[in-house]
$ cat coords_35.pdb   # PDB, C-alpha atoms and all ligand atoms
ATOM      1  CA  MET A 141     128.027 184.643  59.694
ATOM      2  CA  GLU A 142     124.501 183.807  58.533
ATOM      3  CA  SER A 143     123.729 182.041  55.301
ATOM      4  CA  ASP A 144     120.791 180.398  53.551
ATOM      5  CA  VAL A 145     120.807 176.641  53.276
ATOM      6  CA  GLU A 146     119.929 175.131  49.949
ATOM      7  CA  PHE A 147     117.975 172.090  51.032
ATOM      8  CA  PRO A 148     114.510 171.498  52.494
ATOM      9  CA  CYS A 149     113.879 171.459  56.241
ATOM     10  CA  PRO A 150     114.210 167.883  57.577
ATOM     11  CA  THR A 151     111.244 168.456  59.904
ATOM     12  CA  CYS A 152     108.606 170.251  57.785
ATOM     13  CA  ASN A 153     110.130 169.587  54.323
ATOM     14  CA  LYS A 154     109.572 173.147  53.190
ATOM     15  CA  GLU A 155     112.233 174.603  50.902
ATOM     16  CA  GLY A 156     113.942 177.933  51.220
ATOM     17  CA  CYS A 157     113.396 178.525  54.942
ATOM     18  CA  LEU A 158     116.558 177.081  56.515
ATOM     19  CA  LYS A 159     119.215 179.439  57.831
ATOM     20  CA  MET A 160     122.657 178.536  59.070
ATOM     21  CA  LEU A 161     124.512 180.592  61.636
ATOM     22  CA  ALA A 162     128.178 179.862  62.321
ATOM     23  CA  HIS A 163     130.590 181.510  64.686
ATOM     24  CA  SER A 164     133.916 180.606  66.209
ATOM     25  CA  SER A 165     134.891 181.035  69.832
ATOM     26  CA  GLU A 166     136.997 179.603  72.614
ATOM     27  CA  ILE A 167     135.590 177.456  75.440
ATOM     28  CA  PRO A 168     137.850 176.454  78.362
ATOM     29  CA  TYR A 169     138.954 172.790  78.051
ATOM     30  CA  PHE A 170     137.107 172.553  74.728
ATOM     31  CA  GLY A 171     139.322 174.986  72.864
ATOM     32  CA  GLU A 172     138.740 176.785  69.622
ATOM     33  CA  HIS A 173     135.572 175.555  67.973
ATOM     34  CA  THR A 174     132.807 176.571  65.594
ATOM     35  CA  GLN A 175     129.244 176.709  66.833
ATOM     36  CA  ILE A 176     126.776 175.975  64.048
ATOM     37  CA  THR A 177     123.054 176.546  64.430
ATOM     38  CA  ILE A 178     120.607 175.585  61.717
ATOM     39  CA  SER A 179     117.059 176.863  62.127
ATOM     40  CA  CYS A 180     113.851 176.773  60.127
ATOM     41  CA  GLU A 181     111.771 179.936  59.809
ATOM     42  CA  ASN A 182     108.706 177.903  58.918
ATOM     43  CA  CYS A 183     108.404 175.319  61.723
ATOM     44  CA  GLY A 184     110.871 176.562  64.339
ATOM     45  CA  MET A 185     113.176 173.502  64.101
ATOM     46  CA  ARG A 186     116.538 174.365  65.571
ATOM     47  CA  GLN A 187     119.700 172.314  65.806
ATOM     48  CA  THR A 188     123.015 173.387  67.276
ATOM     49  CA  ASP A 189     126.335 171.605  67.193
ATOM     50  CA  PHE A 190     129.869 172.351  68.282
ATOM     51  CA  ILE A 191     132.731 171.451  65.991
ATOM     52  CA  PRO A 192     136.154 171.498  67.678
ATOM     53  CA  SER A 193     139.022 172.597  65.458
ATOM     54  CA  GLU A 194     140.997 169.613  66.716
ATOM     55  CA  ASP A 195     139.627 166.130  65.990
ATOM     56  CA  ARG A 196     139.064 164.295  69.296
ATOM     57  CA  GLY A 197     137.767 160.981  68.000
ATOM     58  CA  ALA A 198     135.185 158.972  69.957
ATOM     59  CA  VAL A 199     135.608 159.895  73.615
ATOM     60  CA  SER A 200     133.874 159.819  76.952
ATOM     61  CA  PHE A 201     134.304 162.098  79.959
ATOM     62  CA  SER A 202     133.314 161.062  83.446
ATOM     63  CA  LEU A 203     133.228 163.216  86.571
ATOM     64  CA  SER A 204     132.536 161.976  90.081
ATOM     65  CA  ILE A 205     130.609 164.851  91.681
ATOM     66  CA  GLU A 206     132.328 165.452  95.002
ATOM     67  CA  LYS A 207     132.208 169.186  95.660
ATOM     68  CA  TYR A 208     130.365 172.374  94.707
ATOM     69  CA  GLU A 209     133.112 173.249  92.263
ATOM     70  CA  HIS A 210     132.194 170.127  90.274
ATOM     71  CA  LEU A 211     128.594 171.355  89.902
ATOM     72  CA  ASN A 212     130.011 174.406  88.136
ATOM     73  CA  ALA A 213     132.197 172.420  85.719
ATOM     74  CA  ARG A 214     131.490 173.355  82.122
ATOM     75  CA  VAL A 215     129.659 170.841  79.949
ATOM     76  CA  VAL A 216     129.561 171.012  76.179
ATOM     77  CA  ARG A 217     127.006 168.616  74.811
ATOM     78  CA  GLY A 218     127.236 168.069  71.055
ATOM     79  CA  SER A 219     124.149 166.851  69.203
ATOM     80  CA  SER A 220     125.481 163.282  69.264
ATOM     81  CA  GLY A 221     126.387 163.217  72.973
ATOM     82  CA  THR A 222     124.779 160.673  75.321
ATOM     83  CA  ILE A 223     124.615 161.788  78.953
ATOM     84  CA  ARG A 224     124.437 159.336  81.838
ATOM     85  CA  ILE A 225     124.204 159.290  85.607
ATOM     86  CA  PRO A 226     125.211 155.617  85.860
ATOM     87  CA  GLU A 227     124.505 155.150  89.593
ATOM     88  CA  LEU A 228     120.832 156.022  88.999
ATOM     89  CA  ASP A 229     120.621 154.238  85.643
ATOM     90  CA  LEU A 230     119.704 157.512  83.950
ATOM     91  CA  GLU A 231     120.494 158.274  80.360
ATOM     92  CA  ILE A 232     119.593 161.005  77.893
ATOM     93  CA  SER A 233     120.416 159.792  74.411
ATOM     94  CA  PRO A 234     120.341 162.090  71.396
ATOM     95  CA  GLY A 235     117.149 160.841  69.698
ATOM     96  CA  ASN A 236     115.867 162.527  66.568
ATOM     97  CA  GLN A 237     115.516 166.073  67.811
ATOM     98  CA  SER A 238     118.772 166.425  69.681
ATOM     99  CA  THR A 239     120.484 169.768  69.796
ATOM    100  CA  GLY A 240     123.803 170.734  71.314
ATOM    101  CA  TYR A 241     124.243 173.152  74.189
ATOM    102  CA  VAL A 242     126.780 174.597  76.588
ATOM    103  CA  SER A 243     125.910 174.371  80.275
ATOM    104  CA  ASN A 244     127.458 173.203  83.529
ATOM    105  CA  VAL A 245     127.027 170.023  85.592
ATOM    106  CA  GLU A 246     124.241 171.585  87.663
ATOM    107  CA  GLY A 247     122.447 172.696  84.467
ATOM    108  CA  VAL A 248     122.608 169.148  83.107
ATOM    109  CA  ILE A 249     121.208 167.738  86.370
ATOM    110  CA  ASN A 250     118.362 170.260  86.092
ATOM    111  CA  ARG A 251     117.639 168.953  82.609
ATOM    112  CA  PHE A 252     117.383 165.430  84.074
ATOM    113  CA  LEU A 253     115.066 166.822  86.771
ATOM    114  CA  ASP A 254     112.793 168.430  84.150
ATOM    115  CA  ILE A 255     112.441 165.086  82.373
ATOM    116  CA  ILE A 256     111.877 163.144  85.634
ATOM    117  CA  ARG A 257     109.178 165.622  86.714
ATOM    118  CA  MET A 258     107.466 165.402  83.346
ATOM    119  CA  MET A 259     107.449 161.590  83.674
ATOM    120  CA  MET A 260     106.114 161.915  87.235
ATOM    121  CA  ARG A 261     103.162 164.011  86.049
ATOM    122  CA  GLN A 262     102.462 161.387  83.390
ATOM    123  CA  SER A 263     102.657 158.488  85.886
ATOM    124  CA  ALA A 264     100.530 160.392  88.390
ATOM    125  CA  SER A 265      97.752 160.894  85.877
ATOM    126  CA  ASP A 266      98.050 157.268  84.659
ATOM    127  CA  SER A 267      97.832 155.856  88.163
ATOM    128  CA  LYS A 268      94.867 158.085  89.001
ATOM    129  CA  LEU A 269      92.980 157.295  85.819
ATOM    130  CA  ALA A 270      93.413 153.554  85.734
ATOM    131  CA  ASN A 271      94.248 152.883  89.349
ATOM    132  CA  ASP A 272      97.275 151.349  87.720
ATOM    133  CA  GLU A 273      99.643 149.646  90.179
ATOM    134  CA  LYS A 274     102.544 149.687  87.789
ATOM    135  CA  ALA A 275     102.201 153.446  87.319
ATOM    136  CA  THR A 276     102.111 153.924  91.082
ATOM    137  CA  GLU A 277     105.291 151.880  91.455
ATOM    138  CA  GLU A 278     106.966 153.865  88.708
ATOM    139  CA  LEU A 279     105.922 157.083  90.412
ATOM    140  CA  HIS A 280     107.648 155.973  93.629
ATOM    141  CA  LEU A 281     110.830 155.163  91.734
ATOM    142  CA  LEU A 282     110.791 158.521  89.941
ATOM    143  CA  LEU A 283     110.236 160.286  93.252
ATOM    144  CA  GLN A 284     113.344 158.609  94.703
ATOM    145  CA  ILE A 285     115.402 159.667  91.695
ATOM    146  CA  GLU A 286     114.074 163.216  91.977
ATOM    147  CA  LEU A 287     115.035 163.351  95.666
ATOM    148  CA  ALA A 288     118.537 162.084  94.892
ATOM    149  CA  LEU A 289     119.095 164.691  92.175
ATOM    150  CA  VAL A 290     117.809 167.529  94.368
ATOM    151  CA  ALA A 291     120.105 166.331  97.193
ATOM    152  CA  LEU A 292     123.008 166.285  94.735
ATOM    153  CA  ILE A 293     122.448 169.895  93.685
ATOM    154  CA  LYS A 294     122.183 170.903  97.358
ATOM    155  CA  GLY A 295     125.527 169.232  98.063
ATOM    156  CA  GLU A 296     124.058 166.634 100.417
ATOM    157  CA  ILE A 297     125.325 163.499  98.674
ATOM    158  CA  PHE A 298     128.685 164.476  97.233
ATOM    159  CA  GLY A 299     130.808 161.480  96.239
ATOM    160  CA  GLU A 300     127.850 159.198  95.487
ATOM    161  CA  LEU A 301     126.947 160.141  91.928
ATOM    162  CA  SER A 302     128.821 160.875  88.745
ATOM    163  CA  LEU A 303     128.102 162.406  85.376
ATOM    164  CA  GLU A 304     129.265 160.763  82.177
ATOM    165  CA  ILE A 305     129.118 161.966  78.590
ATOM    166  CA  LEU A 306     129.843 159.681  75.636
ATOM    167  CA  ASP A 307     130.226 161.073  72.150
ATOM    168  CA  PRO A 308     131.143 158.998  69.069
ATOM    169  CA  VAL A 309     132.265 162.128  67.201
ATOM    170  CA  GLY A 310     133.993 163.863  70.107
ATOM    171  CA  HIS A 311     131.918 167.065  70.119
ATOM    172  CA  SER A 312     131.104 166.824  73.857
ATOM    173  CA  ILE A 313     133.170 167.361  76.995
ATOM    174  CA  ILE A 314     133.028 167.809  80.744
ATOM    175  CA  GLY A 315     135.554 170.567  81.321
ATOM    176  CA  HIS A 316     137.285 169.963  84.645
ATOM    177  CA  ASP A 317     140.724 168.727  85.679
ATOM    178  CA  ASP A 318     139.042 165.983  87.734
ATOM    179  CA  ALA A 319     137.040 164.676  84.773
ATOM    180  CA  ILE A 320     138.399 161.413  83.406
ATOM    181  CA  LYS A 321     138.711 161.229  79.651
ATOM    182  CA  ARG A 322     138.952 157.948  77.787
ATOM    183  CA  ASP A 323     138.464 156.617  74.271
ATOM    184  CA  LEU A 324     135.239 154.760  73.561
ATOM    185  CA  THR A 325     135.496 151.091  72.662
ATOM    186  CA  LYS A 326     134.236 149.878  69.291
ATOM    187  CA  GLU A 327     131.356 148.082  71.046
ATOM    188  CA  GLU A 328     130.336 151.275  72.858
ATOM    189  CA  ILE A 329     130.367 153.266  69.625
ATOM    190  CA  GLU A 330     128.127 150.698  67.957
ATOM    191  CA  GLU A 331     125.628 150.766  70.828
ATOM    192  CA  LEU A 332     125.352 154.533  71.102
ATOM    193  CA  ASP A 333     122.511 156.425  69.539
ATOM    194  CA  THR A 334     124.253 158.960  67.331
ATOM    195  CA  GLY A 335     121.331 161.360  67.113
ATOM    196  CA  PRO A 336     120.056 163.275  64.154
ATOM    197  CA  LYS A 337     122.230 163.101  61.085
ATOM    198  CA  SER A 338     124.114 166.271  60.440
ATOM    199  CA  LEU A 339     122.018 168.377  58.082
ATOM    200  CA  ILE A 340     125.046 169.226  56.010
ATOM    201  CA  MET A 341     125.896 165.542  55.630
ATOM    202  CA  ASN A 342     122.309 164.908  54.514
ATOM    203  CA  ASN A 343     122.761 167.446  51.770
ATOM    204  CA  ASP A 344     125.865 165.686  50.506
ATOM    205  CA  GLU A 345     124.018 162.378  50.452
ATOM    206  CA  ASN A 346     121.188 163.935  48.465
ATOM    207  CA  THR A 347     123.543 165.153  45.768
ATOM    208  CA  ASP A 348     125.072 161.681  45.507
ATOM    209  CA  GLU A 349     121.736 160.007  44.809
TER
HETATM  210 ZN    ZN B 401     110.880 173.420  59.099
END

$ encode --input "coords_35.pdb" --output "structure tokens"
Amino acid sequence: MESDVEFPCPTCNKEGCLKMLAHSSEIPYFGEHTQITISCENCGMRQTDFIPSEDRGAVSFSLSIEKYEHLNARVVRGSSGTIRIPELDLEISPGNQSTGYVSNVEGVINRFLDIIRMMMRQSASDSKLANDEKATEELHLLLQIELALVALIKGEIFGELSLEILDPVGHSIIGHDDAIKRDLTKEEIEELDTGPKSLIMNNDENTDE
């Protein structure tokens, strides 16, 4: 079901170019849900979120990655989900441009790898340009993280790393029987970056003003 959205694009501010696409489907462990994608024809902004039919509250899922099967576990990342690999001190928080997606554990690790490699290219050019010792040190650290993540995907360090997803609105999951689900504490909810405000919520706020 596609429909026009009656408010300006939050990115380019142009009116009349937002479209909303909604469809319902079933995801294992996640259940019946509605996938909503809002996109702008003018600037290409695109935001997806997954709304479960059942309210989950603020939850976190954690999976210790111990076998190949775990790499294939389904991951639903809502636009307000924070993803962590705690043993490596890695975190992807929603930020302003966050969009939801469905992937698996291996796909999420690849997303971490993409970011690490982008940072490595940046550090490499910094350390070359300025002969910057700090950048060189950072490059070594990033290289170690990259090696660990590649080893994880290859199945060489099973049992050493885990994947964690924390979502204050409960739109994210790691779908596996071995994943541990727990409620987030009030302190955790306050600390988490909740990502971009829902566009539909923004519209409601605008009418209130
Ligand atoms: Zn736009």

$ closest_residue --input "coords_35.pdb" --among "A:Leu292, A:Met141, A:Leu228, A:Cys157" --to "Ile205 in chain A" --atoms "all atoms listed in the file"
A:Leu292

$ residues_near_ligand --input "coords_35.pdb" --ligand "ligand ZN 401 (chain B)" --cutoff "7 Å" --atoms "all atoms listed in the file" --output "JSON list (two decimals) with C-alpha atoms, in the coordinates of the input"
[["chain", "number", "residue", "atom", "x", "y", "z"],
["A", 149, "CYS", "CA", 113.88, 171.46, 56.24],
["A", 150, "PRO", "CA", 114.21, 167.88, 57.58],
["A", 151, "THR", "CA", 111.24, 168.46, 59.90],
["A", 152, "CYS", "CA", 108.61, 170.25, 57.78],
["A", 153, "ASN", "CA", 110.13, 169.59, 54.32],
["A", 154, "LYS", "CA", 109.57, 173.15, 53.19],
["A", 180, "CYS", "CA", 113.85, 176.77, 60.13],
["A", 181, "GLU", "CA", 111.77, 179.94, 59.81],
["A", 182, "ASN", "CA", 108.71, 177.90, 58.92],
["A", 183, "CYS", "CA", 108.40, 175.32, 61.72],
["A", 184, "GLY", "CA", 110.87, 176.56, 64.34],
["A", 185, "MET", "CA", 113.18, 173.50, 64.10]]

$ atom_distance --input "coords_35.pdb" --atom1 "CA of Ala198 in chain A" --atom2 "CA of Ser238 in chain A"
18.0 Å

$ resolve_selection --input "coords_35.pdb" --expression "the PyMOL selection byres (((chain A and resi 164) around 9) and not hetatm)" --output "VMD selection string"
chain A and resid 162 to 163 165 to 166 172 to 176

$ atom_distance --input "coords_35.pdb" --atom1 "CA of Leu230 in chain A" --atom2 "CA of Ser202 in chain A"
14.1 Å

$ atom_distance --input "coords_35.pdb" --atom1 "CA of Asp229 in chain A" --atom2 "CA of Leu211 in chain A"
19.4 Å

$ resolve_selection --input "coords_35.pdb" --expression "the PyMOL selection byres (((chain A and resi 242) around 7) and not hetatm)" --output "ChimeraX atom specification"
/A:215-217,241,243

$ resolve_selection --input "coords_35.pdb" --expression "the PyMOL selection byres (((chain A and resi 272-288) around 10) and not hetatm)" --output "VMD selection string"
chain A and resid 228 to 230 252 to 257 259 to 271 289 to 294 296 to 297 300 to 301

$ closest_atom_pairs --input "coords_35.pdb" --of "range 203-293 of chain A" --to "range 328-337 of chain A" --cutoff "8 Å" --atoms "all atoms listed in the file" --output "Markdown table"
| residue | atom | partner | partner_atom | distance |
| --- | --- | --- | --- | --- |
| A:Ser219 | CA | A:Gly335 | CA | 6.5 |
| A:Ser220 | CA | A:Thr334 | CA | 4.9 |
| A:Gly221 | CA | A:Thr334 | CA | 7.4 |
| A:Thr222 | CA | A:Leu332 | CA | 7.5 |
| A:Ser233 | CA | A:Asp333 | CA | 6.3 |
| A:Pro234 | CA | A:Gly335 | CA | 4.5 |
| A:Gly235 | CA | A:Gly335 | CA | 4.9 |
| A:Asn236 | CA | A:Pro336 | CA | 4.9 |
| A:Gln237 | CA | A:Pro336 | CA | 6.5 |
| A:Ser238 | CA | A:Gly335 | CA | 6.2 |

$ closest_residue --input "coords_35.pdb" --among "A:Ile225, A:Ile232, A:Val199, A:Leu303" --to "His316 in chain A" --atoms "all atoms listed in the file"
A:Leu303

$ closest_residue --input "coords_35.pdb" --among "A:Gly218, A:Gly295, A:Gly240, A:Pro226" --to "Gly310 in chain A" --atoms "only C-alpha atoms"
A:Gly218
